[in-house]
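Data first, discussion second: the structure below is written as structure tokens.
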Amino acid sequence: MNVNQPPPQGFPPPGQFAPPPQQQGTNGFAIAALITGILGGVCGLAIVFGIIALVQINKTGQRGRGFAIAGLVLTAVWIGLGVIGAVAGIANSPRDSSGEITSSGSESVTRLRAGDCVGGIEDGKRLTEISVSPCAQAHDGEVISQFDLPKGAFPGEPAVAKEAEIRCTGDIQRALATSPMLDRLQISYLYPDNKKDWDRDRGITCLVFEASGAKLTGSVPR
């Protein structure tokens, strides 16, 4: 007599194999992609995490596809905003492609160059941005020279100011030694006056102004 007995409950029929159990947790790379995407992409890590997450999710069936895709989308948005900001910055820059100031505007004090004509400087006032304009327009002062102080720990504001005064006085007297305006000019300088600024930029900018307070027009003659 032929007896056909079904396999015990819970086991696959003979000749068949049960598929491996699917992992149901949320993929860690997907979570990382979302977090880094929210934080601005963090140097492209969101893209790397997102791609790894999608590949792993396709294989394991884990949750988190939406997190991975959101991280990629957020990174794309940050990149787009960065491009727009860069284009807008270039469009609004007072400098032309050669670096010459061709329109009135503002410039970071750390990006000033020798020959730039500036306005709005007040003695003792801390500045991060400064007004600039073509030298043909009336302006307060002109950048004559620049230099960096030696690397090292911040020596304190009085020491930095003293060194800036000594160096700028020598540089300007040499640069304008034959200028007919030398006796009418007052020397000034921009310098880092705290440790934070010193650690970021140890540059000194040397400028001249009309001692009488009058506006300058045109570059200071050499």
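As shown in the structure tokens, the chain order sets the letters A, B, ...; within each chain, residues go from 1, and ligands are also counted from 1 in the order they appear.
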Under the rule of at most 12 Å, produce a per-residue listing of range 59-141 of chain A near range 183-192 of chain A: chain, number, name, the closest pair of atoms, and the distance in Å, as a Markdown table, using only C-alpha atoms.
| residue | atom | partner | partner_atom | distance |
| --- | --- | --- | --- | --- |
| A:Ser108 | CA | A:Leu190 | CA | 11.8 |
| A:Val109 | CA | A:Leu190 | CA | 8.0 |
| A:Thr110 | CA | A:Leu190 | CA | 9.3 |
| A:Arg111 | CA | A:Leu190 | CA | 11.8 |
| A:Leu112 | CA | A:Leu190 | CA | 10.3 |
| A:Ile121 | CA | A:Ser188 | CA | 9.6 |
| A:Glu122 | CA | A:Ser188 | CA | 10.1 |
| A:Asp123 | CA | A:Ser188 | CA | 8.5 |
| A:Gly124 | CA | A:Leu190 | CA | 9.9 |
| A:Lys125 | CA | A:Leu190 | CA | 10.0 |
| A:Arg126 | CA | A:Leu190 | CA | 9.0 |
| A:Leu127 | CA | A:Leu190 | CA | 8.7 |
| A:Thr128 | CA | A:Leu190 | CA | 10.3 |
| A:Glu129 | CA | A:Leu190 | CA | 11.6 |
| A:Ile130 | CA | A:Leu190 | CA | 11.0 |
| A:Asp140 | CA | A:Gln186 | CA | 11.0 |
| A:Gly141 | CA | A:Ser188 | CA | 9.1 |
Since we have the selection now, will you write its residues out, keeping N, CA and C atoms, as a tab-separated table (two decimals), in the first residue's frame?
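The result, stored in again-v1.tsv:
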chain	number	residue	atom	x	y	z
A	108	SER	N	35.68	91.51	1.81
A	108	SER	CA	36.21	91.04	3.08
A	108	SER	C	37.58	91.68	3.31
A	109	VAL	N	37.86	92.06	4.54
A	109	VAL	CA	39.15	92.68	4.82
A	109	VAL	C	40.30	91.72	4.58
A	110	THR	N	40.01	90.42	4.61
A	110	THR	CA	41.08	89.44	4.37
A	110	THR	C	41.33	89.23	2.88
A	111	ARG	N	40.53	89.86	2.02
A	111	ARG	CA	40.70	89.69	0.57
A	111	ARG	C	41.16	90.98	-0.11
A	112	LEU	N	41.52	91.97	0.68
A	112	LEU	CA	42.03	93.19	0.09
A	112	LEU	C	43.37	92.94	-0.58
A	121	ILE	N	36.69	103.34	6.88
A	121	ILE	CA	37.53	102.89	7.99
A	121	ILE	C	37.55	103.95	9.09
A	122	GLU	N	37.31	103.50	10.32
A	122	GLU	CA	37.37	104.39	11.47
A	122	GLU	C	38.41	103.85	12.45
A	123	ASP	N	39.20	104.72	13.03
A	123	ASP	CA	40.25	104.31	13.95
A	123	ASP	C	39.65	103.55	15.13
A	124	GLY	N	40.19	102.36	15.40
A	124	GLY	CA	39.74	101.56	16.53
A	124	GLY	C	38.51	100.71	16.25
A	125	LYS	N	37.91	100.81	15.08
A	125	LYS	CA	36.71	100.05	14.76
A	125	LYS	C	37.09	98.71	14.14
A	126	ARG	N	36.48	97.62	14.66
A	126	ARG	CA	36.74	96.29	14.11
A	126	ARG	C	35.92	96.11	12.84
A	127	LEU	N	36.55	95.55	11.83
A	127	LEU	CA	35.91	95.38	10.54
A	127	LEU	C	36.06	93.95	10.05
A	128	THR	N	35.04	93.43	9.42
A	128	THR	CA	35.13	92.18	8.68
A	128	THR	C	34.90	92.43	7.19
A	129	GLU	N	34.10	93.45	6.88
A	129	GLU	CA	33.85	93.88	5.51
A	129	GLU	C	34.23	95.36	5.39
A	130	ILE	N	34.62	95.75	4.20
A	130	ILE	CA	35.03	97.14	3.98
A	130	ILE	C	34.53	97.60	2.62
A	140	ASP	N	38.45	107.08	0.66
A	140	ASP	CA	39.16	107.50	1.87
A	140	ASP	C	40.64	107.12	1.86
A	141	GLY	N	40.95	105.91	1.45
A	141	GLY	CA	42.33	105.45	1.54
A	141	GLY	C	42.68	104.43	0.48
Identify, with DSSP run on backbone atoms, the residues in range 153-218 of chain A assigned to helix (DSSP H, G or I), and express the list as a short mmCIF file (atom, residue, chain, number, x, y, z; two decimals) with C-alpha atoms, in the first residue's frame.
data_model
loop_
_atom_site.label_atom_id
_atom_site.label_comp_id
_atom_site.auth_asym_id
_atom_site.auth_seq_id
_atom_site.Cartn_x
_atom_site.Cartn_y
_atom_site.Cartn_z
CA GLU A 157 47.00 92.75 20.44
CA PRO A 158 49.60 95.33 21.60
CA ALA A 159 52.47 93.27 20.19
CA VAL A 160 50.67 92.69 16.87
CA ALA A 161 49.73 96.37 16.55
CA LYS A 162 53.30 97.46 17.28
CA GLU A 163 54.78 95.12 14.69
CA ALA A 164 52.15 96.20 12.14
CA GLU A 165 53.00 99.87 12.75
CA ILE A 166 56.75 99.32 12.34
CA ARG A 167 56.47 97.17 9.24
CA CYS A 168 53.79 99.28 7.55
CA THR A 169 55.69 102.51 8.17
CA GLY A 170 58.80 101.07 6.53
CA ASP A 171 56.91 99.51 3.61
CA ILE A 172 54.95 102.67 2.84
CA GLN A 173 57.94 104.98 3.10
CA ARG A 174 59.84 102.80 0.65
CA ALA A 175 56.89 102.40 -1.75
CA LEU A 182 54.03 111.49 0.99
CA ASP A 183 54.04 114.38 3.50
CA ARG A 184 50.24 114.70 3.26
CA LYS A 195 43.36 84.80 18.83
CA LYS A 196 40.46 83.68 16.64
CA ASP A 197 41.34 86.11 13.86
CA TRP A 198 45.06 85.36 14.29
CA ASP A 199 44.52 81.63 13.85
CA ARG A 200 42.52 82.27 10.68
#
Margin query: So that I can see what lies close to Gly41 in chain A, please list as a list in words the residues with an atom at most 10 Å from it, counting only C-alpha atoms and leaving out residues fewer than 3 positions away in the same chain.
Written below: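 Result of the neighbour search: Ala33, Leu34, Ile35, Thr36, Gly37, Ile38, Gly44, Leu45, Ala46, Ile47, Val48, Gly71, Leu72, Val73, Leu74, Thr75, Ala76, Val77, Trp78 and Ile79 of chain A.
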Check: If you measure from CA of Gly218 in chain A to CA of Asp148 in chain A, what distance in Å do you get, rounded to one decimal?
Finding: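 CA of Asp148 in chain A lies at a distance of 27.0 Å from CA of Gly218 in chain A.
Compared by their closest atoms to Ser106 in chain A, and using only C-alpha atoms, the residues A:Phe209, A:Pro94, A:Lys215, A:Thr60 rank with A:Pro94 nearest.
CA of Leu176 in chain A is found 15.3 Å from CA of Leu216 in chain A.
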Check: Which parts of range 116-164 of chain A does DSSP call strand (DSSP E or B) when run on the backbone here, written out as a ChimeraX atom specification?
Finding: /A:117-119,129-133,139,141-148
May I have the residues from that selection written out with all heavy atoms, as a compact mmCIF listing (two decimals), in the first residue's frame?
# COMPACT_ATOMS: atom_id res chain seq x y z
N CYS A 117 41.28 100.67 -3.41
CA CYS A 117 40.87 101.92 -2.80
C CYS A 117 39.63 101.66 -1.94
O CYS A 117 38.69 101.00 -2.38
CB CYS A 117 40.60 102.99 -3.86
SG CYS A 117 42.12 103.50 -4.72
N VAL A 118 39.65 102.18 -0.71
CA VAL A 118 38.66 101.78 0.30
C VAL A 118 38.03 103.00 0.95
O VAL A 118 38.50 104.13 0.82
CB VAL A 118 39.31 100.90 1.38
CG1 VAL A 118 39.95 99.67 0.75
CG2 VAL A 118 40.37 101.69 2.16
N GLY A 119 36.95 102.74 1.68
CA GLY A 119 36.27 103.79 2.44
C GLY A 119 35.65 103.21 3.69
O GLY A 119 35.53 101.99 3.85
N GLU A 129 34.10 93.45 6.88
CA GLU A 129 33.85 93.88 5.51
C GLU A 129 34.23 95.36 5.39
O GLU A 129 34.16 96.11 6.37
CB GLU A 129 32.38 93.70 5.14
CG GLU A 129 31.88 92.26 5.17
CD GLU A 129 32.24 91.51 3.90
OE1 GLU A 129 32.31 92.15 2.83
OE2 GLU A 129 32.45 90.29 3.98
N ILE A 130 34.62 95.75 4.20
CA ILE A 130 35.03 97.14 3.98
C ILE A 130 34.53 97.60 2.62
O ILE A 130 34.42 96.80 1.68
CB ILE A 130 36.57 97.26 4.07
CG1 ILE A 130 37.00 98.71 4.12
CG2 ILE A 130 37.24 96.53 2.92
CD1 ILE A 130 38.46 98.89 4.46
N SER A 131 34.19 98.88 2.53
CA SER A 131 33.74 99.45 1.26
C SER A 131 34.93 99.62 0.31
O SER A 131 35.99 100.09 0.72
CB SER A 131 33.06 100.80 1.49
OG SER A 131 31.94 100.68 2.32
N VAL A 132 34.72 99.24 -0.93
CA VAL A 132 35.75 99.42 -1.95
C VAL A 132 35.13 100.09 -3.17
O VAL A 132 33.92 100.04 -3.37
CB VAL A 132 36.39 98.07 -2.36
CG1 VAL A 132 37.14 97.45 -1.21
CG2 VAL A 132 35.34 97.10 -2.88
N SER A 133 35.97 100.72 -3.96
CA SER A 133 35.50 101.40 -5.17
C SER A 133 36.66 101.57 -6.12
O SER A 133 37.83 101.48 -5.72
CB SER A 133 34.89 102.76 -4.83
OG SER A 133 35.89 103.62 -4.31
N HIS A 139 37.53 108.43 -2.58
CA HIS A 139 37.62 107.36 -1.58
C HIS A 139 38.46 107.86 -0.41
O HIS A 139 39.09 108.91 -0.47
CB HIS A 139 38.24 106.10 -2.20
CG HIS A 139 39.56 106.34 -2.85
ND1 HIS A 139 39.69 106.80 -4.15
CD2 HIS A 139 40.83 106.22 -2.38
CE1 HIS A 139 40.97 106.93 -4.45
NE2 HIS A 139 41.69 106.58 -3.39
N GLY A 141 40.95 105.91 1.45
CA GLY A 141 42.33 105.45 1.54
C GLY A 141 42.68 104.43 0.48
O GLY A 141 41.82 103.99 -0.28
N GLU A 142 43.95 104.06 0.45
CA GLU A 142 44.43 103.08 -0.53
C GLU A 142 45.35 102.07 0.15
O GLU A 142 46.16 102.44 1.02
CB GLU A 142 45.19 103.80 -1.65
CG GLU A 142 45.73 102.85 -2.72
CD GLU A 142 46.47 103.59 -3.83
OE1 GLU A 142 46.22 104.81 -4.02
OE2 GLU A 142 47.31 102.94 -4.49
N VAL A 143 45.18 100.82 -0.23
CA VAL A 143 46.06 99.76 0.27
C VAL A 143 47.40 99.87 -0.46
O VAL A 143 47.44 99.85 -1.70
CB VAL A 143 45.45 98.37 0.04
CG1 VAL A 143 46.42 97.28 0.51
CG2 VAL A 143 44.11 98.24 0.77
N ILE A 144 48.49 99.99 0.29
CA ILE A 144 49.82 100.14 -0.31
C ILE A 144 50.58 98.82 -0.29
O ILE A 144 51.26 98.46 -1.26
CB ILE A 144 50.63 101.22 0.42
CG1 ILE A 144 49.88 102.56 0.36
CG2 ILE A 144 52.02 101.36 -0.22
CD1 ILE A 144 49.60 103.07 -1.03
N SER A 145 50.50 98.08 0.80
CA SER A 145 51.25 96.82 0.89
C SER A 145 50.56 95.87 1.86
O SER A 145 49.70 96.28 2.66
CB SER A 145 52.70 97.08 1.33
OG SER A 145 52.73 97.55 2.66
N GLN A 146 50.98 94.61 1.83
CA GLN A 146 50.46 93.58 2.72
C GLN A 146 51.59 92.61 3.06
O GLN A 146 52.50 92.39 2.26
CB GLN A 146 49.30 92.83 2.06
CG GLN A 146 48.06 93.68 1.81
CD GLN A 146 47.00 92.93 1.03
OE1 GLN A 146 47.22 92.53 -0.11
NE2 GLN A 146 45.85 92.74 1.65
N PHE A 147 51.48 92.01 4.22
CA PHE A 147 52.44 90.96 4.60
C PHE A 147 51.82 90.11 5.70
O PHE A 147 50.83 90.51 6.34
CB PHE A 147 53.76 91.58 5.07
CG PHE A 147 53.62 92.49 6.26
CD1 PHE A 147 53.70 91.99 7.56
CD2 PHE A 147 53.42 93.85 6.09
CE1 PHE A 147 53.57 92.83 8.66
CE2 PHE A 147 53.30 94.70 7.18
CZ PHE A 147 53.37 94.18 8.46
N ASP A 148 52.39 88.93 5.92
CA ASP A 148 51.94 88.03 6.98
C ASP A 148 52.95 88.04 8.12
O ASP A 148 54.16 88.00 7.88
CB ASP A 148 51.78 86.59 6.47
CG ASP A 148 50.57 86.42 5.55
OD1 ASP A 148 49.65 87.25 5.65
OD2 ASP A 148 50.56 85.47 4.76
Margin query: Between CA of Val55 in chain A and CA of Leu39 in chain A, what is the distance in Å, rounded to a tenth?
Written below: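 Going from CA of Val55 in chain A over to CA of Leu39 in chain A covers 22.6 Å.
If only C-alpha atoms are the atoms counted, then among A:Arg95, A:Arg113, A:Arg65, A:Arg222 the closest residue to Thr178 in chain A is A:Arg222.
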